[in-house]
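Shown next: upload_18.txt, given as compact mmCIF, C-alpha atoms.
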```
# COMPACT_ATOMS: atom_id res chain seq x y z
CA MET A 1 94.00 82.00 76.99
CA ASP A 2 92.26 80.64 80.07
CA GLY A 3 91.60 83.08 82.90
CA SER A 4 93.99 82.60 85.79
CA ARG A 5 92.25 81.72 89.02
CA CYS A 6 92.38 84.08 91.97
CA ALA A 7 95.70 83.68 93.74
CA TYR A 8 94.07 83.30 97.14
CA SER A 9 91.76 80.43 96.18
CA ALA A 10 94.09 77.55 97.01
CA GLY A 11 95.96 76.15 99.96
CA LEU A 12 94.56 78.30 102.77
CA LEU A 13 92.38 77.00 105.59
CA LYS A 14 91.37 80.20 107.34
CA SER A 15 88.61 82.32 105.86
CA VAL A 16 86.66 85.51 106.51
CA GLY A 17 82.98 86.25 106.14
CA LYS A 18 80.40 85.29 108.77
CA ASP A 19 76.67 84.75 108.91
CA ASN A 20 76.14 87.91 110.96
CA THR A 21 73.17 89.97 109.89
CA THR A 22 75.21 93.16 109.59
CA MET A 23 78.81 94.21 109.15
CA ARG A 24 80.17 97.54 110.37
CA VAL A 25 81.97 99.12 107.42
CA MET A 26 84.16 102.19 107.82
CA VAL A 27 84.87 104.28 104.70
CA LEU A 28 88.07 106.20 105.35
CA GLY A 29 87.79 109.51 103.51
CA GLY A 30 84.08 108.75 103.39
CA TYR A 31 82.95 112.24 102.43
CA GLY A 32 85.66 112.81 99.80
CA ASN A 33 85.48 112.55 96.02
CA PHE A 34 85.42 108.74 95.81
CA GLY A 35 84.60 107.93 99.42
CA ALA A 36 81.32 109.82 99.21
CA ARG A 37 80.22 107.73 96.25
CA ILE A 38 81.02 104.50 98.08
CA SER A 39 79.24 105.74 101.20
CA ARG A 40 76.11 106.56 99.20
CA ALA A 41 76.15 103.11 97.58
CA LEU A 42 76.58 101.22 100.86
CA GLY A 43 74.49 103.43 103.13
CA GLY A 44 71.17 101.87 102.24
CA ASP A 45 72.33 98.25 102.45
CA ASP A 46 70.51 96.42 105.26
CA ARG A 47 73.57 94.23 105.85
CA ILE A 48 75.85 97.19 106.53
CA GLU A 49 76.25 99.62 109.43
CA LEU A 50 78.14 102.44 107.76
CA LEU A 51 80.75 104.65 109.42
CA VAL A 52 81.70 107.71 107.37
CA ALA A 53 85.18 108.52 108.63
CA GLY A 54 87.60 111.41 108.23
CA ARG A 55 89.59 113.97 110.15
CA ASP A 56 86.65 116.42 110.29
CA GLY A 57 84.05 114.81 112.54
CA LYS A 58 81.43 117.50 111.91
CA GLN A 59 81.71 117.15 108.16
CA ALA A 60 81.55 113.36 108.45
CA ALA A 61 78.45 113.54 110.66
CA ALA A 62 76.68 116.00 108.35
CA PHE A 63 77.34 113.82 105.33
CA ALA A 64 76.26 110.64 107.14
CA ALA A 65 73.02 112.28 108.29
CA ALA A 66 71.94 112.67 104.67
CA LEU A 67 72.47 108.98 103.87
CA PRO A 68 69.86 106.23 104.11
CA GLY A 69 70.19 103.35 106.54
CA ARG A 70 72.36 103.10 109.62
CA ALA A 71 75.07 105.63 108.80
CA GLN A 72 77.02 107.75 111.24
CA GLY A 73 80.00 110.06 110.97
CA VAL A 74 83.14 109.59 113.04
CA ALA A 75 86.38 111.54 113.39
CA VAL A 76 89.49 109.40 112.91
CA ASP A 77 93.12 110.11 112.10
CA MET A 78 94.69 107.36 110.03
CA HIS A 79 98.14 108.67 110.97
CA SER A 80 97.47 108.30 114.69
CA ALA A 81 99.51 105.82 116.71
CA VAL A 82 96.24 104.55 118.20
CA PHE A 83 94.40 104.14 114.89
CA SER A 84 94.31 100.36 115.30
CA GLN A 85 92.70 100.73 118.71
CA ALA A 86 90.17 103.18 117.25
CA LEU A 87 89.12 100.54 114.72
CA GLN A 88 88.53 98.07 117.54
CA ASP A 89 86.67 100.64 119.63
CA HIS A 90 84.29 101.31 116.72
CA GLY A 91 83.75 97.60 116.13
CA VAL A 92 84.82 97.84 112.48
CA GLY A 93 84.53 94.65 110.41
CA LEU A 94 85.74 96.15 107.12
CA LEU A 95 87.69 99.31 106.33
CA ILE A 96 87.59 100.82 102.83
CA HIS A 97 90.56 103.14 102.37
CA THR A 98 89.89 105.95 99.85
CA ALA A 99 92.23 108.58 101.28
CA GLY A 100 94.81 108.83 98.50
CA PRO A 101 97.02 109.51 96.77
CA PHE A 102 98.59 106.09 97.25
CA GLN A 103 101.74 106.88 95.29
CA GLY A 104 104.40 107.09 98.00
CA GLN A 105 101.97 106.15 100.79
CA ASP A 106 103.06 103.43 103.22
CA TYR A 107 101.03 100.49 104.50
CA ALA A 108 100.33 101.89 107.95
CA VAL A 109 96.53 101.82 107.50
CA ALA A 110 96.53 98.23 106.26
CA ARG A 111 98.89 97.16 109.05
CA ALA A 112 96.57 98.78 111.60
CA CYS A 113 93.70 96.76 110.13
CA ALA A 114 95.68 93.53 110.43
CA GLN A 115 96.53 94.36 114.03
CA ALA A 116 92.88 95.12 114.83
CA GLY A 117 91.53 92.07 113.00
CA VAL A 118 89.71 94.14 110.40
CA ASN A 119 89.20 93.31 106.71
CA TYR A 120 90.70 95.88 104.35
CA ILE A 121 89.97 97.19 100.83
CA ASP A 122 91.55 100.19 99.11
CA LEU A 123 91.23 102.10 95.83
CA ALA A 124 94.98 102.33 95.23
CA ASP A 125 96.30 102.73 91.71
CA GLY A 126 99.93 103.43 92.64
CA ARG A 127 102.15 100.88 90.92
CA ARG A 128 104.54 100.13 93.75
CA TYR A 129 101.83 100.32 96.39
CA VAL A 130 99.69 97.69 94.68
CA CYS A 131 102.42 95.44 93.29
CA ASP A 132 104.35 95.23 96.58
CA PHE A 133 101.24 94.96 98.78
CA PRO A 134 100.84 91.14 98.86
CA ARG A 135 104.48 90.50 99.70
CA ALA A 136 104.45 93.08 102.48
CA LEU A 137 101.14 92.15 104.13
CA HIS A 138 100.05 88.64 103.22
CA ALA A 139 101.50 86.94 106.30
CA ALA A 140 100.00 89.52 108.66
CA PHE A 141 96.48 89.03 107.32
CA VAL A 142 96.82 85.25 107.22
CA ASP A 143 97.80 85.34 110.88
CA THR A 144 94.82 87.48 111.82
CA GLY A 145 92.39 85.53 109.64
CA ARG A 146 91.26 88.51 107.56
CA VAL A 147 91.46 89.58 103.93
CA ALA A 148 93.17 92.65 102.47
CA ILE A 149 92.53 93.69 98.87
CA THR A 150 94.40 96.50 97.15
CA GLY A 151 93.64 98.14 93.82
CA ALA A 152 89.85 97.72 94.01
CA SER A 153 89.36 100.44 91.42
CA THR A 154 89.28 100.95 87.65
CA VAL A 155 92.79 99.50 87.55
CA PRO A 156 93.53 96.72 88.05
CA ALA A 157 90.08 95.48 89.24
CA LEU A 158 87.89 96.46 86.29
CA SER A 159 90.66 96.34 83.69
CA SER A 160 91.51 92.72 84.59
CA ALA A 161 87.84 91.75 84.41
CA VAL A 162 87.62 93.24 80.91
CA VAL A 163 90.79 91.51 79.70
CA GLU A 164 89.64 88.14 81.01
CA SER A 165 86.26 88.56 79.30
CA LEU A 166 87.71 89.67 75.97
CA CYS A 167 90.33 86.91 75.85
CA ALA A 168 88.35 84.00 77.29
CA GLY A 169 89.59 80.82 75.56
CA TRP A 170 92.29 82.56 73.55
CA GLN A 171 95.49 80.72 72.82
CA ARG A 172 97.74 83.78 72.94
CA LEU A 173 97.71 87.48 73.80
CA ASP A 174 100.14 89.60 71.82
CA THR A 175 99.22 93.22 72.64
CA LEU A 176 97.15 94.87 75.34
CA ASP A 177 96.32 98.57 75.23
CA ILE A 178 94.16 100.43 77.75
CA CYS A 179 93.12 104.08 77.72
CA ILE A 180 90.98 106.03 80.18
CA ALA A 181 89.32 109.20 78.90
CA PRO A 182 87.79 111.31 81.70
CA ALA A 183 85.10 113.88 81.01
CA GLN A 184 86.37 117.43 81.25
CA THR A 185 83.55 118.57 83.55
CA ALA A 186 83.63 115.53 85.87
CA THR A 187 84.46 116.14 89.53
CA ARG A 188 88.19 116.47 90.05
CA GLY A 189 90.27 116.12 93.18
CA VAL A 190 93.66 117.41 94.27
CA ALA A 191 94.67 113.93 95.46
CA THR A 192 93.96 112.45 92.02
CA LEU A 193 95.97 115.15 90.28
CA ARG A 194 98.82 114.75 92.73
CA ALA A 195 98.88 111.05 91.96
CA VAL A 196 99.11 111.43 88.17
CA LEU A 197 101.63 114.27 88.41
CA SER A 198 103.91 112.14 90.59
CA TYR A 199 105.22 110.33 87.50
CA CYS A 200 104.78 113.15 84.97
CA GLY A 201 108.15 113.38 83.20
CA GLY A 202 109.51 110.44 85.19
CA PRO A 203 110.73 107.05 83.92
CA ILE A 204 108.18 104.24 83.57
CA GLN A 205 109.05 100.60 82.93
CA VAL A 206 106.87 99.34 80.07
CA TRP A 207 106.64 95.91 78.42
CA SER A 208 107.33 96.79 74.78
CA GLY A 209 108.83 94.80 71.94
CA GLY A 210 108.78 91.70 74.13
CA GLN A 211 111.08 93.25 76.73
CA TRP A 212 111.11 95.85 79.49
CA GLN A 213 111.87 99.35 78.26
CA THR A 214 111.99 102.76 79.92
CA HIS A 215 109.46 105.33 78.70
CA ILE A 216 108.55 108.79 80.04
CA GLY A 217 105.25 109.47 81.79
CA TRP A 218 102.83 111.90 80.11
CA ALA A 219 105.26 112.59 77.28
CA THR A 220 104.67 112.10 73.53
CA PRO A 221 100.87 111.62 73.49
CA LYS A 222 99.34 109.71 70.59
CA ARG A 223 95.88 109.52 69.03
CA VAL A 224 93.41 107.05 70.55
CA GLU A 225 90.08 106.07 68.94
CA PHE A 226 86.88 105.46 70.91
CA GLN A 227 83.50 104.07 69.91
CA ARG A 228 81.30 106.87 71.31
CA LEU A 229 83.83 109.60 72.09
CA ARG A 230 85.76 111.77 69.71
CA PRO A 231 89.41 110.73 69.19
CA ARG A 232 91.75 112.05 71.85
CA LEU A 233 95.45 112.32 72.54
CA GLY A 234 96.51 109.75 75.13
CA ALA A 235 99.74 109.83 77.14
CA LEU A 236 101.51 107.03 78.98
CA CYS A 237 100.67 106.64 82.68
CA ASP A 238 102.23 104.48 85.40
CA ILE A 239 99.76 102.00 86.90
CA PRO A 240 99.91 98.49 88.45
CA ASP A 241 98.60 96.84 85.26
CA LEU A 242 101.85 97.62 83.45
CA GLU A 243 103.67 95.29 85.84
CA LEU A 244 100.97 92.77 86.74
CA PHE A 245 99.38 92.01 83.37
CA PRO A 246 102.37 90.99 81.19
CA ALA A 247 103.11 88.12 83.57
CA ARG A 248 99.52 87.20 84.41
CA TYR A 249 98.29 87.14 80.81
CA LEU A 250 101.60 86.20 79.15
CA VAL A 251 101.56 89.25 76.88
CA ARG A 252 104.09 88.61 74.13
CA GLU A 253 104.66 91.97 72.52
CA ARG A 254 103.27 95.09 74.25
CA MET A 255 101.27 96.34 77.21
CA GLU A 256 100.42 100.06 77.41
CA PHE A 257 98.16 102.23 79.51
CA ARG A 258 97.29 105.80 78.53
CA ALA A 259 95.12 108.60 79.83
CA ALA A 260 93.42 110.91 77.32
CA LEU A 261 92.17 114.27 78.52
CA GLU A 262 89.25 115.71 76.57
CA VAL A 263 90.78 119.12 75.84
CA GLY A 264 93.87 118.73 73.68
CA LEU A 265 95.49 121.86 75.11
CA ALA A 266 95.32 120.39 78.61
CA GLN A 267 96.88 117.15 77.38
CA ARG A 268 99.73 119.07 75.75
CA ALA A 269 100.22 121.07 78.95
CA PHE A 270 100.98 117.80 80.76
CA ALA A 271 103.47 116.96 78.01
CA VAL A 272 105.17 120.32 78.61
CA LEU A 273 105.38 119.59 82.35
CA ALA A 274 106.93 116.23 81.51
CA TRP A 275 109.52 117.94 79.34
CA LEU A 276 110.30 120.52 82.04
CA ARG A 277 110.97 117.74 84.51
CA GLN A 278 113.17 115.88 82.06
CA VAL A 279 115.40 118.91 81.46
CA GLY A 280 115.61 119.66 85.18
CA LEU A 281 113.50 122.84 85.26
CA LEU A 282 110.68 121.29 87.29
CA LYS A 283 111.70 118.86 89.99
CA ASN A 284 108.28 118.03 91.46
CA PRO A 285 105.25 118.43 89.15
CA ALA A 286 102.98 117.03 91.91
CA ALA A 287 103.51 120.29 93.82
CA LEU A 288 101.34 121.97 91.17
CA ALA A 289 98.32 119.73 91.85
CA GLY A 290 96.35 122.36 93.77
CA LEU A 291 96.96 125.06 91.16
CA LEU A 292 96.10 122.79 88.24
CA ASN A 293 92.97 121.52 89.96
CA SER A 294 91.62 125.05 90.35
CA THR A 295 92.63 126.26 86.88
CA ALA A 296 91.30 123.14 85.13
CA LYS A 297 87.81 124.65 85.36
CA LEU A 298 88.89 127.20 82.76
CA PHE A 299 88.84 124.42 80.17
CA ASP A 300 85.33 123.22 81.05
CA PRO A 301 83.59 125.29 78.34
CA PHE A 302 85.69 123.42 75.75
CA GLY A 303 84.80 119.96 77.08
CA SER A 304 81.77 117.89 77.99
CA ALA A 305 80.29 115.55 80.57
CA LEU A 306 81.11 112.46 78.46
CA GLY A 307 84.01 110.21 79.41
CA GLY A 308 84.96 106.62 78.83
CA MET A 309 87.53 103.88 78.57
CA VAL A 310 88.75 101.42 75.96
CA VAL A 311 90.60 98.11 76.31
CA ARG A 312 92.12 96.65 73.12
CA VAL A 313 93.54 93.14 72.83
CA ALA A 314 95.15 91.31 69.92
CA GLY A 315 96.36 87.73 69.66
CA LEU A 316 95.21 84.26 68.63
CA ASP A 317 91.66 83.19 69.42
CA ALA A 318 90.45 79.78 70.58
CA VAL A 319 91.00 78.17 67.15
CA GLY A 320 94.36 79.84 66.56
CA LYS A 321 93.18 82.60 64.23
CA PRO A 322 94.46 86.20 64.57
CA ALA A 323 91.95 88.30 66.48
CA LYS A 324 91.67 91.89 67.58
CA ARG A 325 88.91 92.99 69.90
CA ALA A 326 88.02 96.16 71.82
CA TRP A 327 85.78 96.85 74.81
CA HIS A 328 84.46 100.40 75.15
CA ILE A 329 82.49 102.09 77.90
CA ALA A 330 80.93 105.55 77.64
CA ALA A 331 79.83 107.38 80.79
CA ASP A 332 77.78 110.54 80.30
CA ASN A 333 76.46 113.17 82.72
CA ASP A 334 79.76 113.27 84.62
CA HIS A 335 79.16 109.75 85.98
CA GLY A 336 82.67 108.59 85.07
CA PRO A 337 84.04 108.94 88.64
CA GLU A 338 81.57 106.27 89.74
CA ILE A 339 83.63 103.63 87.89
CA PRO A 340 86.69 103.68 90.21
CA CYS A 341 84.34 103.00 93.15
CA MET A 342 82.51 99.99 91.76
CA ALA A 343 84.94 97.19 92.60
CA ALA A 344 85.17 98.22 96.26
CA ILE A 345 81.38 98.44 96.48
CA LEU A 346 80.96 94.97 94.98
CA LEU A 347 83.56 93.42 97.28
CA ALA A 348 82.11 95.12 100.38
CA ARG A 349 78.66 93.74 99.57
CA ARG A 350 80.09 90.25 99.17
CA LEU A 351 81.80 90.40 102.54
CA ALA A 352 78.75 91.90 104.23
CA GLY A 353 76.67 89.13 102.71
CA GLY A 354 78.82 86.54 104.44
CA GLU A 355 80.68 85.24 101.38
CA PRO A 356 83.81 83.42 102.55
CA MET A 357 87.10 84.73 101.20
CA ALA A 358 90.41 83.09 101.96
CA CYS A 359 92.50 85.25 104.24
CA GLY A 360 95.63 87.07 103.13
CA ALA A 361 96.64 90.14 101.12
CA TYR A 362 96.03 90.38 97.36
CA ALA A 363 95.95 92.73 94.41
CA CYS A 364 92.42 93.03 93.03
CA VAL A 365 93.07 91.16 89.80
CA GLY A 366 90.40 88.76 88.60
CA LEU A 367 88.39 88.99 91.81
CA ASN A 368 85.29 90.31 90.01
CA THR A 369 83.96 89.25 86.62
CA LEU A 370 82.81 91.74 84.02
CA ALA A 371 79.26 90.47 84.58
CA ASP A 372 79.54 91.56 88.22
CA PHE A 373 79.98 95.16 87.07
CA ALA A 374 77.03 95.12 84.64
CA PRO A 375 74.33 96.21 87.15
CA GLU A 376 76.51 99.11 88.26
CA PHE A 377 77.05 100.22 84.66
CA ALA A 378 73.31 100.05 84.04
CA LYS A 379 72.53 102.01 87.20
CA TRP A 380 74.46 104.99 85.85
CA GLY A 381 73.31 104.67 82.24
CA MET A 382 76.73 103.69 80.94
CA VAL A 383 76.93 102.19 77.45
CA ILE A 384 79.14 99.20 76.57
CA ASP A 385 80.38 98.26 73.10
CA VAL A 386 82.46 95.20 72.21
CA VAL A 387 83.95 95.61 68.75
CA GLU A 388 85.74 93.05 66.57
CA GLU A 389 88.44 95.17 64.94
CA VAL A 390 90.23 94.55 61.68
```
Starting from the file, give its structure as structure tokens.
Amino acid sequence: MDGSRCAYSAGLLKSVGKDNTTMRVMVLGGYGNFGARISRALGGDDRIELLVAGRDGKQAAAFAAALPGRAQGVAVDMHSAVFSQALQDHGVGLLIHTAGPFQGQDYAVARACAQAGVNYIDLADGRRYVCDFPRALHAAFVDTGRVAITGASTVPALSSAVVESLCAGWQRLDTLDICIAPAQTATRGVATLRAVLSYCGGPIQVWSGGQWQTHIGWATPKRVEFQRLRPRLGALCDIPDLELFPARYLVRERMEFRAALEVGLAQRAFAVLAWLRQVGLLKNPAALAGLLNSTAKLFDPFGSALGGMVVRVAGLDAVGKPAKRAWHIAADNDHGPEIPCMAAILLARRLAGGEPMACGAYACVGLNTLADFAPEFAKWGMVIDVVEEV
């Protein structure tokens, strides 16, 4: 299976990326769970003038003051009617949107960027948000001569890079299974919990048995094996990959994505919430995000700081023989939350370095190779295993 080229690589004349010595990059939610990590990574880059942005100007300024390089904190309201003007007033060249959850969020921030002539990257993992993004915004960013990239996170940015590496040259891909396994003690956020609870107990369209079928989110967890982690129970989650990958990689039989919490009791608690929603006793599990985020610490003594991810593929290799291969990553010391930030960091550096990118709006599928991520994995001491499975 040959890797599909980036959708934006053909037929467009306009491009972004200049030879300027610096680019002003605003990280929206720049002192939050993921935004803070991106701000730290970009703050010391000589090509970047960093703006740490959020509703609390004092908190943004205090965080920026502790960063290396030319970083400053600014107060902005992404819901403001004058947000586009604020981007122009601050001279922003690129906005990185980390203020989730993106499930149910509209495209107001991206539209403001198009109006202001600002490049845009987000960390969205909401299925509809990412999958509908190009159709909704491509024309606007072509007109303004800028690029907008959605889903620059673990999924679909890293997951697509892994699939394309594992299946390079393959003739056929039959099954594709992905599972993320966060460390119990890793930093959690209410927005992240709200996102995953939004589809807990709800219907999810899954490519299974060579056709689209309806499954239930977070229900009926099953055992998942990892190379350097103990086996865990993994439950079905709704992400963009479930819709994007079957068509992009011509998956014949099955595409699944699961999340496996470290403490089995916590995983089963999500299954109970899914059941309560199904029987009509719990209409909105996402409303419990704050409570669950605070009580999750009670399970920390039963978990660890080790998390990871596995991507399994099966099909026919380059010579037509059946093949099954798995890519594993293990992240210790609670460094797992660095992974969702890596794709945005890599793309921001490319833009700041003047790399031309054809204008328009795209999902972040195949825009980075797995080799691009390798220095980031090494920086955080993450261990990679590629296993030929029987």
(message) Under the rule that only C-alpha atoms are counted, which of A:Val27, A:Tyr107, A:Leu250, A:Leu193 is the nearest residue to Cys167 (chain A)?
(response)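 Ranked by minimum distance to Cys167 (chain A), first place goes to A:Leu250.
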Sort by chain and increasing residue number a table of all residues of region 146-225 of chain A within 12 Å of region 355-379 of chain A, each with its closest pair of atoms and their distance in Å to one decimal, counting only C-alpha atoms, and write it as a Markdown table.
```
| residue | atom | partner | partner_atom | distance |
| --- | --- | --- | --- | --- |
| A:Arg146 | CA | A:Cys359 | CA | 4.8 |
| A:Val147 | CA | A:Cys359 | CA | 4.5 |
| A:Ala148 | CA | A:Ala361 | CA | 4.5 |
| A:Ile149 | CA | A:Tyr362 | CA | 5.0 |
| A:Thr150 | CA | A:Ala363 | CA | 4.9 |
| A:Gly151 | CA | A:Cys364 | CA | 5.3 |
| A:Ala152 | CA | A:Cys364 | CA | 5.4 |
| A:Ser153 | CA | A:Cys364 | CA | 8.2 |
| A:Thr154 | CA | A:Cys364 | CA | 10.1 |
| A:Val155 | CA | A:Cys364 | CA | 8.5 |
| A:Pro156 | CA | A:Val365 | CA | 5.8 |
| A:Ala157 | CA | A:Cys364 | CA | 5.1 |
| A:Leu158 | CA | A:Leu370 | CA | 7.3 |
| A:Ser159 | CA | A:Val365 | CA | 8.4 |
| A:Ser160 | CA | A:Val365 | CA | 5.7 |
| A:Ala161 | CA | A:Leu370 | CA | 5.0 |
| A:Val162 | CA | A:Leu370 | CA | 5.9 |
| A:Val163 | CA | A:Leu370 | CA | 9.1 |
| A:Glu164 | CA | A:Gly366 | CA | 7.7 |
| A:Ser165 | CA | A:Leu370 | CA | 6.7 |
| A:Leu166 | CA | A:Leu370 | CA | 9.6 |
| A:Ala168 | CA | A:Thr369 | CA | 11.6 |
```
(message) What's the separation between CA of Leu291 (chain A) and CA of Val196 (chain A), in Å to one decimal place?
(response) 14.1 Å
(request) Between A:Cys341, A:Leu292, A:Val263, A:Leu176, single out the one closest to Leu42 (chain A), counting all atoms listed in the file. (result) A:Cys341
(request) Would you please work out which residue, of A:Ile180, A:Leu351, A:Ala344, A:Leu244, is nearest to Ala330 (chain A) when using all atoms listed in the file? (result)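 For Ala330 (chain A), the nearest of the candidates is A:Ile180.
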(request) Kindly indicate which residue among A:Leu236, A:Ile345, A:Ala314, A:Ile204 lies nearest to Ile96 (chain A), using all atoms listed in the file for the distances. (result) A:Ile345
(message) As an exercise, work out the distance from CA of His328 (chain A) to CA of Asp385 (chain A) in Å and give it to one decimal place.
(response)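 Taking CA of His328 (chain A) and CA of Asp385 (chain A), their separation equals 5.0 Å.
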(message) With distances taken over only C-alpha atoms, which residue among A:Glu389, A:Asp125, A:Asp317, A:Asp143 lies nearest Leu173 (chain A)?
(response) A:Asp317
(request) Provide the CA of His79 (chain A) to CA of Pro240 (chain A) distance in Å, to one decimal place. (result)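 CA of Pro240 (chain A) lies 24.8 Å from CA of His79 (chain A).
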Show me, as a PDB file with C-alpha atoms, in the frame of the given file, the residues that have an atom within 7 Å of Leu50 (chain A) when counting all atoms listed in the file, minus same-chain residues fewer than 6 positions from it.
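The resulting file, selection-v2.pdb, is shown below:
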```pdb
ATOM      1  CA  ARG A  24      80.170  97.540 110.370  1.00  0.00           C
ATOM      2  CA  VAL A  25      81.970  99.120 107.420  1.00  0.00           C
ATOM      3  CA  MET A  26      84.160 102.190 107.820  1.00  0.00           C
ATOM      4  CA  GLY A  43      74.490 103.430 103.130  1.00  0.00           C
ATOM      5  CA  ARG A  70      72.360 103.100 109.620  1.00  0.00           C
ATOM      6  CA  ALA A  71      75.070 105.630 108.800  1.00  0.00           C
ATOM      7  CA  GLN A  72      77.020 107.750 111.240  1.00  0.00           C
TER       8      GLN A  72
END
```
So that I can check the surroundings of Asp238 (chain A), please list as a PDB file with C-alpha atoms, keeping the file's coordinate frame every protein, DNA and RNA residue that reaches within 7 Å of it, counting only C-alpha atoms and ignoring chain neighbours fewer than 6 positions away.
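Full text of selection17.pdb as output:
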```
ATOM      1  CA  ARG A 127     102.150 100.880  90.920  1.00  0.00           C
ATOM      2  CA  TYR A 199     105.220 110.330  87.500  1.00  0.00           C
ATOM      3  CA  ILE A 204     108.180 104.240  83.570  1.00  0.00           C
ATOM      4  CA  GLY A 217     105.250 109.470  81.790  1.00  0.00           C
TER       5      GLY A 217
END
```
(message) Measuring between all atoms listed in the file, which one of A:Thr175, A:Thr98, A:Ser208, A:Thr144 shows the shortest distance to Tyr249 (chain A)?
(response)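 Selected residue with least distance to Tyr249 (chain A): A:Thr175.
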(message) Give me, as a PyMOL selection string, all polymer residues having an atom no more than 7 Å from Gln184 (chain A), counting only C-alpha atoms and skipping those fewer than 6 positions away in the same chain.
(response) chain A and resi 262+300+303-305
